[in-house]
file entry-v9.cif (mmCIF, C-alpha atoms and all ligand atoms)
data_query
#
loop_
_atom_site.label_atom_id
_atom_site.label_comp_id
_atom_site.auth_asym_id
_atom_site.auth_seq_id
_atom_site.Cartn_x
_atom_site.Cartn_y
_atom_site.Cartn_z
CA MET A 183 4.21 68.41 29.89
CA ASN A 184 7.72 68.89 31.19
CA ALA A 185 7.39 69.08 35.01
CA ARG A 186 10.58 71.16 35.25
CA VAL A 187 9.07 73.84 33.04
CA LEU A 188 5.89 73.89 35.12
CA SER A 189 7.88 74.06 38.31
CA ALA A 190 10.05 76.88 36.93
CA TYR A 191 6.83 78.94 36.84
CA GLY A 192 5.71 77.73 40.24
CA PHE A 193 2.94 75.40 39.00
CA PRO A 194 2.35 72.03 40.64
CA SER A 195 3.13 69.10 38.32
CA ASP A 196 -0.57 68.08 38.23
CA VAL A 197 -1.83 71.48 37.04
CA SER A 198 -4.35 71.36 34.16
CA VAL A 199 -2.55 71.73 30.81
CA THR A 200 -4.38 71.42 27.47
CA PRO A 201 -3.26 72.14 23.89
CA HIS A 202 -4.66 75.47 22.72
CA GLY A 203 -5.34 77.44 19.55
CA SER A 204 -4.46 76.73 15.96
CA GLY A 205 -1.04 78.41 15.72
CA LEU A 206 1.27 76.69 13.25
CA ILE A 207 4.60 78.01 14.44
CA ASN A 208 4.90 77.50 18.17
CA ARG A 209 3.25 74.91 20.40
CA THR A 210 0.66 76.47 22.69
CA TRP A 211 -1.11 75.21 25.82
CA LEU A 212 -3.71 76.63 28.16
CA ILE A 213 -2.90 76.25 31.85
CA ARG A 214 -5.72 76.48 34.38
CA SER A 215 -4.29 76.92 37.84
CA ALA A 216 -5.20 78.15 41.30
CA LYS A 217 -3.32 81.40 40.46
CA GLY A 218 -5.29 81.94 37.27
CA ASP A 219 -5.22 80.97 33.58
CA TYR A 220 -2.10 81.17 31.44
CA ILE A 221 -0.85 80.49 27.95
CA LEU A 222 2.31 78.40 27.83
CA GLN A 223 4.32 78.32 24.62
CA GLN A 224 7.22 76.28 23.38
CA LEU A 225 9.10 78.29 20.76
CA ASN A 226 9.73 76.79 17.36
CA ARG A 227 13.50 76.42 17.21
CA GLN A 228 13.66 75.63 13.50
CA VAL A 229 12.13 78.99 12.69
CA PHE A 230 13.53 81.08 15.52
CA VAL A 231 17.19 80.38 16.10
CA ARG A 232 17.63 83.22 18.61
CA PRO A 233 14.81 82.97 21.17
CA ASP A 234 16.80 85.38 23.35
CA PHE A 235 16.43 88.07 20.65
CA ILE A 236 12.67 87.53 20.61
CA ALA A 237 12.42 87.70 24.38
CA GLU A 238 14.45 90.93 24.45
CA ASN A 239 12.30 92.52 21.75
CA ILE A 240 9.07 91.63 23.51
CA GLU A 241 10.43 92.90 26.80
CA LEU A 242 11.49 96.26 25.32
CA VAL A 243 8.19 96.74 23.51
CA GLY A 244 6.23 95.64 26.58
CA GLN A 245 8.13 98.05 28.83
CA TYR A 246 7.51 100.95 26.48
CA LEU A 247 3.82 100.22 26.03
CA THR A 248 3.04 99.70 29.72
CA GLU A 249 4.92 102.90 30.58
CA HIS A 250 3.32 105.08 27.89
CA TYR A 251 -0.11 103.45 27.61
CA PRO A 252 -0.84 102.01 31.05
CA GLY A 253 -4.52 101.41 30.22
CA ILE A 254 -4.08 99.06 27.30
CA VAL A 255 -4.30 95.29 27.30
CA PHE A 256 -0.94 93.85 26.41
CA PRO A 257 0.02 90.32 27.48
CA ARG A 258 3.61 90.57 28.74
CA PRO A 259 5.52 87.36 29.37
CA VAL A 260 5.33 86.25 33.00
CA ARG A 261 8.66 85.85 34.78
CA ALA A 262 9.63 82.43 36.03
CA THR A 263 10.44 82.08 39.73
CA GLY A 264 14.11 82.70 38.82
CA GLY A 265 13.22 86.03 37.16
CA GLU A 266 13.72 84.98 33.53
CA THR A 267 11.08 85.51 30.81
CA LEU A 268 12.25 82.48 28.86
CA VAL A 269 12.74 79.05 30.40
CA ASP A 270 15.50 76.97 28.85
CA ALA A 271 14.33 73.34 28.75
CA GLY A 272 17.52 71.96 27.20
CA SER A 273 16.77 69.63 24.32
CA GLU A 274 13.11 70.76 24.39
CA GLY A 275 14.07 74.31 23.58
CA HIS A 276 12.56 77.39 25.20
CA TYR A 277 9.24 78.03 26.89
CA ARG A 278 7.45 81.21 27.91
CA LEU A 279 4.27 82.02 29.76
CA TYR A 280 1.61 84.70 29.16
CA PRO A 281 -1.39 85.68 31.20
CA PHE A 282 -4.43 84.28 29.40
CA ILE A 283 -6.61 87.12 28.17
CA ASP A 284 -9.99 86.25 29.59
CA SER A 285 -13.06 85.88 27.39
CA SER A 286 -10.97 86.51 24.30
CA VAL A 287 -11.80 84.87 21.01
CA THR A 288 -9.47 84.12 18.11
CA ILE A 289 -10.68 83.73 14.56
CA ASP A 290 -8.84 81.85 11.84
CA VAL A 291 -10.62 83.18 8.77
CA VAL A 292 -11.97 86.69 8.16
CA HIS A 293 -15.73 86.50 7.62
CA THR A 294 -16.84 90.13 7.65
CA PRO A 295 -15.41 93.53 6.75
CA ALA A 296 -15.97 94.49 10.40
CA GLU A 297 -13.44 91.85 11.47
CA ALA A 298 -10.97 93.14 8.89
CA PHE A 299 -11.52 96.68 10.17
CA GLU A 300 -10.88 95.67 13.80
CA ALA A 301 -7.73 93.74 12.95
CA ALA A 302 -6.36 96.59 10.84
CA ARG A 303 -7.11 99.00 13.67
CA GLN A 304 -5.23 96.78 16.12
CA PHE A 305 -2.14 96.38 13.96
CA GLY A 306 -2.21 100.08 13.09
CA GLY A 307 -2.57 100.95 16.77
CA PHE A 308 0.40 98.78 17.65
CA THR A 309 2.71 100.62 15.26
CA ARG A 310 1.21 104.01 16.17
CA MET A 311 1.74 103.52 19.91
CA LEU A 312 5.35 102.59 19.20
CA ALA A 313 6.01 105.54 16.89
CA GLY A 314 8.11 107.21 19.60
CA PHE A 315 10.08 104.05 20.28
CA ASP A 316 13.40 103.57 18.48
CA ALA A 317 12.66 100.73 16.05
CA LYS A 318 16.38 100.24 15.51
CA SER A 319 16.82 99.13 19.10
CA LEU A 320 15.00 95.88 18.24
CA HIS A 321 16.73 92.76 16.99
CA GLU A 322 15.94 91.48 13.53
CA THR A 323 14.58 88.12 14.65
CA LEU A 324 14.26 86.82 11.07
CA PRO A 325 16.95 88.58 9.03
CA GLY A 326 15.83 89.42 5.50
CA PHE A 327 12.27 88.22 6.22
CA HIS A 328 10.48 90.75 4.00
CA ASP A 329 13.45 91.75 1.86
CA LEU A 330 11.87 91.54 -1.59
CA PRO A 331 15.11 92.01 -3.62
CA LEU A 332 16.63 89.15 -1.61
CA ARG A 333 13.60 86.94 -2.28
CA TYR A 334 13.86 87.77 -5.97
CA ARG A 335 17.56 86.81 -6.00
CA ASP A 336 16.68 83.50 -4.33
CA PHE A 337 14.09 82.94 -7.06
CA ARG A 338 16.66 83.65 -9.77
CA ASP A 339 19.13 81.29 -8.09
CA ALA A 340 16.52 78.53 -8.00
CA LEU A 341 15.95 79.00 -11.72
CA GLY A 342 19.65 78.24 -12.15
CA ASN A 343 20.03 75.31 -9.81
CA GLY A 344 16.49 74.07 -8.99
CA ARG A 345 14.84 70.82 -10.08
CA PRO A 346 14.76 70.83 -13.91
CA ASP A 347 11.46 68.91 -14.14
CA ARG A 348 9.76 71.42 -11.87
CA ILE A 349 11.25 74.38 -13.71
CA GLN A 350 9.87 72.91 -16.93
CA ARG A 351 6.37 72.52 -15.54
CA SER A 352 6.40 76.07 -14.10
CA VAL A 353 7.54 77.94 -17.20
CA GLN A 354 4.39 80.01 -17.60
CA LEU A 355 4.24 80.95 -13.95
CA ILE A 356 7.95 81.79 -13.93
CA ASP A 357 7.49 84.05 -16.95
CA TYR A 358 4.61 85.83 -15.27
CA LEU A 359 6.60 86.38 -12.09
CA LYS A 360 9.63 87.66 -13.99
CA ALA A 361 7.36 90.09 -15.82
CA GLN A 362 6.31 91.58 -12.45
CA HIS A 363 9.89 92.52 -11.55
CA HIS A 364 8.78 96.17 -11.56
CA LEU A 365 7.46 95.46 -8.07
CA VAL A 366 11.05 94.87 -6.91
CA THR A 367 12.17 98.10 -8.54
CA GLU A 368 9.35 99.95 -6.85
CA TYR A 369 10.35 98.48 -3.51
CA ALA A 370 13.97 99.54 -4.01
CA ASN A 371 12.79 103.07 -4.86
CA ILE A 372 10.49 103.53 -1.91
CA ARG A 373 12.92 102.03 0.57
CA THR A 374 15.57 104.60 -0.22
CA ASN A 375 13.04 107.45 -0.01
CA PRO A 376 13.33 109.37 3.29
CA GLY A 377 9.51 109.58 3.37
CA PHE A 378 9.41 105.86 3.90
CA LYS A 379 9.95 105.22 7.58
CA LEU A 380 11.49 102.38 9.46
CA ARG A 381 8.88 101.48 12.07
CA VAL A 382 8.05 98.86 14.65
CA THR A 383 6.04 96.43 12.59
CA HIS A 384 4.45 93.11 13.47
CA HIS A 385 5.26 91.15 10.28
CA ASP A 386 2.60 88.47 10.83
CA THR A 387 -0.74 90.23 10.62
CA LYS A 388 -2.96 87.25 10.02
CA ILE A 389 -6.32 87.48 11.73
CA SER A 390 -5.47 84.73 14.26
CA ASN A 391 -2.91 87.09 15.76
CA VAL A 392 -5.59 89.47 17.03
CA LEU A 393 -7.59 88.74 20.16
CA PHE A 394 -11.26 89.75 19.90
CA ASP A 395 -13.84 90.17 22.63
CA ARG A 396 -17.22 88.43 22.43
CA GLN A 397 -18.78 91.51 20.82
CA GLY A 398 -16.28 91.31 17.98
CA LYS A 399 -14.13 94.26 19.07
CA GLY A 400 -10.36 93.87 18.87
CA ILE A 401 -8.63 93.62 22.25
CA CYS A 402 -4.95 93.46 21.30
CA VAL A 403 -2.42 91.92 18.95
CA ILE A 404 -0.47 88.83 20.01
CA ASP A 405 2.29 86.62 18.60
CA LEU A 406 5.11 89.14 18.74
CA ASP A 407 7.90 86.80 17.63
CA THR A 408 8.30 88.61 14.34
CA VAL A 409 8.10 92.16 15.71
CA MET A 410 11.09 93.88 14.13
CA PRO A 411 12.14 97.14 12.57
CA GLY A 412 10.32 97.21 9.24
CA TYR A 413 8.00 99.08 6.90
CA PHE A 414 4.27 99.55 7.18
CA ILE A 415 3.79 97.78 3.82
CA SER A 416 4.67 94.49 5.52
CA ASP A 417 1.75 94.69 7.94
CA VAL A 418 -0.79 96.25 5.61
CA GLY A 419 0.40 94.00 2.78
CA ASP A 420 -0.07 90.77 4.68
CA MET A 421 -3.55 91.82 5.78
CA LEU A 422 -4.46 92.55 2.16
CA ARG A 423 -2.93 89.27 1.07
CA THR A 424 -4.77 87.20 3.64
CA TYR A 425 -8.11 89.04 4.19
CA LEU A 426 -9.18 90.17 0.70
CA SER A 427 -9.84 86.79 -0.86
CA PRO A 428 -12.52 84.44 0.50
CA VAL A 429 -10.09 81.52 0.06
CA SER A 430 -6.59 81.03 1.43
CA GLU A 431 -3.25 80.38 -0.24
CA GLU A 432 -4.00 76.64 0.03
CA GLU A 433 -6.99 76.79 -2.35
CA LYS A 434 -6.48 74.66 -5.46
CA ASP A 435 -9.56 75.92 -7.28
CA LEU A 436 -8.13 79.21 -8.48
CA SER A 437 -11.52 80.36 -9.78
CA LEU A 438 -12.56 80.91 -6.15
CA ILE A 439 -9.90 83.60 -5.59
CA ARG A 440 -11.41 87.07 -5.50
CA ILE A 441 -10.61 90.60 -4.38
CA ARG A 442 -13.42 91.73 -2.10
CA MET A 443 -13.62 95.51 -2.30
CA PRO A 444 -15.56 96.06 0.99
CA TYR A 445 -12.76 94.23 2.81
CA PHE A 446 -10.20 96.47 1.16
CA ARG A 447 -12.05 99.57 2.32
CA ALA A 448 -12.35 98.13 5.83
CA ILE A 449 -8.59 97.54 6.04
CA VAL A 450 -7.87 101.09 4.82
CA GLU A 451 -10.35 102.58 7.28
CA GLY A 452 -9.17 100.49 10.22
CA TYR A 453 -5.48 101.04 9.64
CA LEU A 454 -5.79 104.76 8.90
CA GLU A 455 -7.99 105.32 11.91
CA GLU A 456 -4.81 104.73 13.91
CA MET A 457 -2.10 105.62 11.44
CA SER A 458 -3.41 108.48 9.27
CA ASN A 459 -1.45 111.15 11.18
CA GLU A 460 1.59 108.96 11.37
CA LEU A 461 1.98 107.85 7.75
CA THR A 462 3.85 110.22 5.45
CA PRO A 463 2.13 111.19 2.17
CA MET A 464 4.64 108.97 0.42
CA GLU A 465 3.61 106.01 2.58
CA THR A 466 -0.10 106.63 2.12
CA ARG A 467 0.47 106.61 -1.63
CA SER A 468 2.08 103.15 -1.21
CA PHE A 469 -0.95 101.65 0.52
CA VAL A 470 -2.13 99.80 -2.57
CA TYR A 471 1.43 98.80 -3.43
CA ALA A 472 1.65 97.07 -0.03
CA GLY A 473 -0.76 94.36 -1.17
CA SER A 474 1.08 93.60 -4.40
CA PHE A 475 4.38 93.62 -2.51
CA MET A 476 3.29 90.84 -0.16
CA MET A 477 1.37 88.80 -2.74
CA TYR A 478 4.32 88.89 -5.10
CA MET A 479 6.84 88.04 -2.40
CA GLN A 480 4.76 85.10 -1.25
CA ALA A 481 4.38 83.80 -4.81
CA LEU A 482 8.16 84.06 -5.24
CA ARG A 483 8.81 82.25 -1.98
CA PHE A 484 6.45 79.39 -2.84
CA ILE A 485 7.79 78.86 -6.35
CA THR A 486 11.39 79.12 -5.11
CA ASP A 487 10.70 76.46 -2.52
CA TYR A 488 8.99 74.29 -5.13
CA LEU A 489 12.04 74.48 -7.38
CA ARG A 490 14.24 73.73 -4.38
CA ASN A 491 12.29 70.56 -3.65
CA ASP A 492 10.12 71.94 -0.81
CA VAL A 493 12.97 72.29 1.68
CA TYR A 494 11.45 75.26 3.53
CA TYR A 495 7.66 74.96 3.49
CA GLY A 496 7.48 71.22 3.07
CA SER A 497 4.48 69.73 1.27
CA LYS A 498 1.61 67.45 2.14
CA TYR A 499 1.03 66.43 -1.48
CA GLU A 500 3.04 66.53 -4.69
CA ASP A 501 3.13 70.04 -6.18
CA GLN A 502 1.60 71.74 -3.13
CA ASN A 503 4.08 74.61 -3.36
CA PHE A 504 3.35 74.98 -7.06
CA VAL A 505 -0.37 75.26 -6.23
CA ARG A 506 0.38 77.84 -3.53
CA ALA A 507 2.54 79.86 -5.92
CA MET A 508 -0.15 79.73 -8.62
CA ASN A 509 -2.71 80.78 -6.03
CA GLN A 510 -0.69 83.83 -4.94
CA ALA A 511 0.16 84.77 -8.53
CA THR A 512 -3.56 84.64 -9.37
CA LEU A 513 -4.37 86.81 -6.38
CA LEU A 514 -1.70 89.27 -7.50
CA ARG A 515 -3.02 89.40 -11.05
CA LEU A 516 -6.57 90.09 -9.89
CA TYR A 517 -5.31 92.68 -7.43
CA LEU A 518 -3.17 94.53 -9.97
CA ALA A 519 -6.11 94.62 -12.35
CA LYS A 520 -8.07 96.53 -9.71
CA SER A 521 -5.26 98.93 -8.76
CA ALA A 522 -6.92 102.10 -10.02
CA ARG A 523 -10.15 101.38 -8.12
CA LEU A 524 -8.18 100.52 -5.00
CA GLN A 525 -6.25 103.80 -5.23
CA ASN A 526 -9.57 105.64 -5.43
CA ILE A 527 -10.78 103.95 -2.27
CA VAL A 528 -7.64 105.04 -0.39
CA ARG A 529 -8.08 108.62 -1.63
CA ASP A 530 -11.74 108.56 -0.69
CA VAL A 531 -11.06 107.33 2.85
CA VAL A 532 -8.28 109.90 3.34
CA ALA A 533 -10.54 112.69 2.05
CA LYS A 534 -13.34 111.70 4.43
CA MET A 535 -10.93 111.57 7.37
CA THR A 536 -9.54 115.03 6.71
CA ALA A 537 -12.99 116.55 5.91
N1 LIG A 601 -2.37 85.82 25.92
C1 LIG A 601 -3.27 85.05 25.27
N2 LIG A 601 -4.55 84.99 25.71
C2 LIG A 601 -5.47 84.20 25.07
N3 LIG A 601 -5.19 83.45 24.00
C3 LIG A 601 -3.93 83.45 23.52
C4 LIG A 601 -2.91 84.26 24.12
N4 LIG A 601 -1.75 84.06 23.43
C5 LIG A 601 -2.03 83.16 22.46
N5 LIG A 601 -3.33 82.79 22.50
C6 LIG A 601 -4.00 81.80 21.62
O1 LIG A 601 -3.03 80.87 21.16
C7 LIG A 601 -2.95 80.88 19.73
C8 LIG A 601 -1.52 80.65 19.27
O2 LIG A 601 -0.68 81.68 19.80
P1 LIG A 601 0.36 82.47 18.87
O3 LIG A 601 1.17 83.33 19.78
O4 LIG A 601 -0.36 83.17 17.78
O5 LIG A 601 1.27 81.27 18.32
P2 LIG A 601 1.75 80.88 16.83
O6 LIG A 601 3.06 81.59 16.65
O7 LIG A 601 1.91 79.43 16.86
O8 LIG A 601 0.72 81.37 15.86
C9 LIG A 601 -3.53 82.23 19.33
O9 LIG A 601 -4.04 82.23 18.02
C10 LIG A 601 -4.61 82.43 20.39
O10 LIG A 601 -5.77 81.70 20.07
MG MG A 602 -0.20 83.14 15.67
#
call {"tool": "encode", "arguments": {"input": "entry-v9.cif", "output": "structure tokens"}}
result
Amino acid sequence: MNARVLSAYGFPSDVSVTPHGSGLINRTWLIRSAKGDYILQQLNRQVFVRPDFIAENIELVGQYLTEHYPGIVFPRPVRATGGETLVDAGSEGHYRLYPFIDSSVTIDVVHTPAEAFEAARQFGGFTRMLAGFDAKSLHETLPGFHDLPLRYRDFRDALGNGRPDRIQRSVQLIDYLKAQHHLVTEYANIRTNPGFKLRVTHHDTKISNVLFDRQGKGICVIDLDTVMPGYFISDVGDMLRTYLSPVSEEEKDLSLIRIRMPYFRAIVEGYLEEMSNELTPMETRSFVYAGSFMMYMQALRFITDYLRNDVYYGSKYEDQNFVRAMNQATLLRLYLAKSARLQNIVRDVVAKMTA
């Protein structure tokens, strides 16, 4: 560990530092010191080109939350001895420090509907607490991140200039994805509807970004690098995309992909417990759409990268991005086939909440 970084936070150079967690984006360490335990992170500079934007966003959100909800747990970056929340380590990029949330547990895979419920409640609570905060005052740390029309244009471009052999092998998948273009149209329609609100959204609602206590209750959300102005469908959609199926986007055996209805209900119940008064009727009607939006976008991003020779996601084996795209397209197909039943669940939960 860089002794200058440690010293910038007032730690002795022999303080205990061990790699921590299973995050894929940043590098994370646990520091055990005489002053207490901390999480040290080195930001991924390939992904985040403006660490200053991220630090500003987290600071603004942190200020608002601690002022308006003083009782909540929210790990705010610790200032270095010079007062900064981000330490510039030159060629090593930027580091930041968080208080370690004691006796917290992180899970990597959702195993029960109760876990899905807790996570949805946490992400819903985050957006609800920030409903009075001006989302537009935040930087867009990843411009165009969840811009579906943009992702579709990238897909079309890759069909024009991508690897011909890979285009050939993907013809069926490409046809399927083109046939789902109505999801882009729907996105364009809802986005221009005034009932569809720009909100503070997390944009990375995987289960490992929620801290749980030992009883399985959610403590808080973490990993705020992608907090930006956005739409609720991003957060709900990525939960649906990553919690509903028992297998992840990496699964090659597509017959294992399933839509687990109790998990869907748990996400609806958890999210609406926090957000039911906040969501407009128009947004609530788009709850089911949220899942297809994210599944479709992810399928498009994987196939686009495959056609572009894996420049963004990389690949550990030949055709990995094709497999991922097939996986997400399969998930989408199964999900769309259940749309009517999913809509009924949303209506049922809403009816019970207002009863
Ligand atoms: N304040 C914290 N207290 C306890 N554990 C934390 C804290 N912040 C991060 N972690 C742990 O470190 C892991 C990686 O952190 P995260 O911010 O999610 O990085 P990444 O962007 O790489 O996913 C988390 O999944 C969690 O296990
Ligand atoms: Mg994370």
call {"tool": "closest_atom_pairs", "arguments": {"input": "entry-v9.cif", "of": "chain A", "to": "ligand LIG 601 (chain A)", "cutoff": "9 Å", "atoms": "only C-alpha atoms and all ligand atoms", "output": "CSV"}}
result
residue,atom,partner,partner_atom,distance
A:His202,CA,A:LIG601,O1,5.9
A:Gly203,CA,A:LIG601,C7,4.2
A:Ser204,CA,A:LIG601,C7,5.8
A:Gly205,CA,A:LIG601,O7,3.3
A:Leu206,CA,A:LIG601,O7,4.6
A:Ile207,CA,A:LIG601,O7,3.9
A:Asn208,CA,A:LIG601,O7,3.8
A:Arg209,CA,A:LIG601,O7,5.9
A:Thr210,CA,A:LIG601,C8,5.8
A:Trp211,CA,A:LIG601,O1,7.6
A:Leu212,CA,A:LIG601,N3,8.1
A:Asp219,CA,A:LIG601,N2,8.9
A:Tyr220,CA,A:LIG601,N1,7.2
A:Ile221,CA,A:LIG601,C4,5.8
A:Leu222,CA,A:LIG601,N4,8.2
A:Gln223,CA,A:LIG601,O5,7.6
A:Gln224,CA,A:LIG601,O7,9.0
A:Leu225,CA,A:LIG601,O6,8.0
A:Asn226,CA,A:LIG601,O6,8.2
A:Phe256,CA,A:LIG601,N1,8.2
A:Pro257,CA,A:LIG601,N1,5.3
A:Arg258,CA,A:LIG601,N1,8.1
A:Pro259,CA,A:LIG601,N1,8.7
A:Leu279,CA,A:LIG601,N1,8.6
A:Tyr280,CA,A:LIG601,N1,5.3
A:Pro281,CA,A:LIG601,N1,5.4
A:Phe282,CA,A:LIG601,N2,3.8
A:Ile283,CA,A:LIG601,N2,3.9
A:Asp284,CA,A:LIG601,C2,6.7
A:Ser285,CA,A:LIG601,C2,8.1
A:Ser286,CA,A:LIG601,C2,6.0
A:Val287,CA,A:LIG601,O10,6.9
A:Thr288,CA,A:LIG601,O10,4.8
A:Ile289,CA,A:LIG601,O9,7.6
A:Asp290,CA,A:LIG601,O9,7.8
A:Asp386,CA,A:LIG601,O8,8.9
A:Ile389,CA,A:LIG601,O9,8.5
A:Ser390,CA,A:LIG601,O9,4.7
A:Asn391,CA,A:LIG601,O4,5.1
A:Val392,CA,A:LIG601,O9,7.5
A:Leu393,CA,A:LIG601,N3,7.0
A:Ile404,CA,A:LIG601,O3,5.7
A:Asp405,CA,A:LIG601,O3,3.7
A:Leu406,CA,A:LIG601,O3,7.1
A:Asp407,CA,A:LIG601,O6,7.2
call {"tool": "residues_near_point", "arguments": {"input": "entry-v9.cif", "point": "(-6.1, 94.5, 22.5)", "cutoff": "8 Å", "atoms": "all atoms listed in the file", "output": "list of chain:residue names"}}
result
A:Ile254, A:Val255, A:Phe256, A:Gln304, A:Val392, A:Leu393, A:Phe394, A:Gly400, A:Ile401, A:Cys402, A:Val403
call {"tool": "atom_distance", "arguments": {"input": "entry-v9.cif", "atom1": "CA of His384 in chain A", "atom2": "CA of Thr408 in chain A"}}
result
6.0 Å
call {"tool": "closest_residue", "arguments": {"input": "entry-v9.cif", "among": "A:Glu297, A:Glu432, A:Asp336, A:Asp234", "to": "His321 in chain A", "atoms": "only C-alpha atoms"}}
result
A:Asp234
call {"tool": "atom_distance", "arguments": {"input": "entry-v9.cif", "atom1": "CA of Pro376 in chain A", "atom2": "CA of Ser458 in chain A"}}
result
17.8 Å
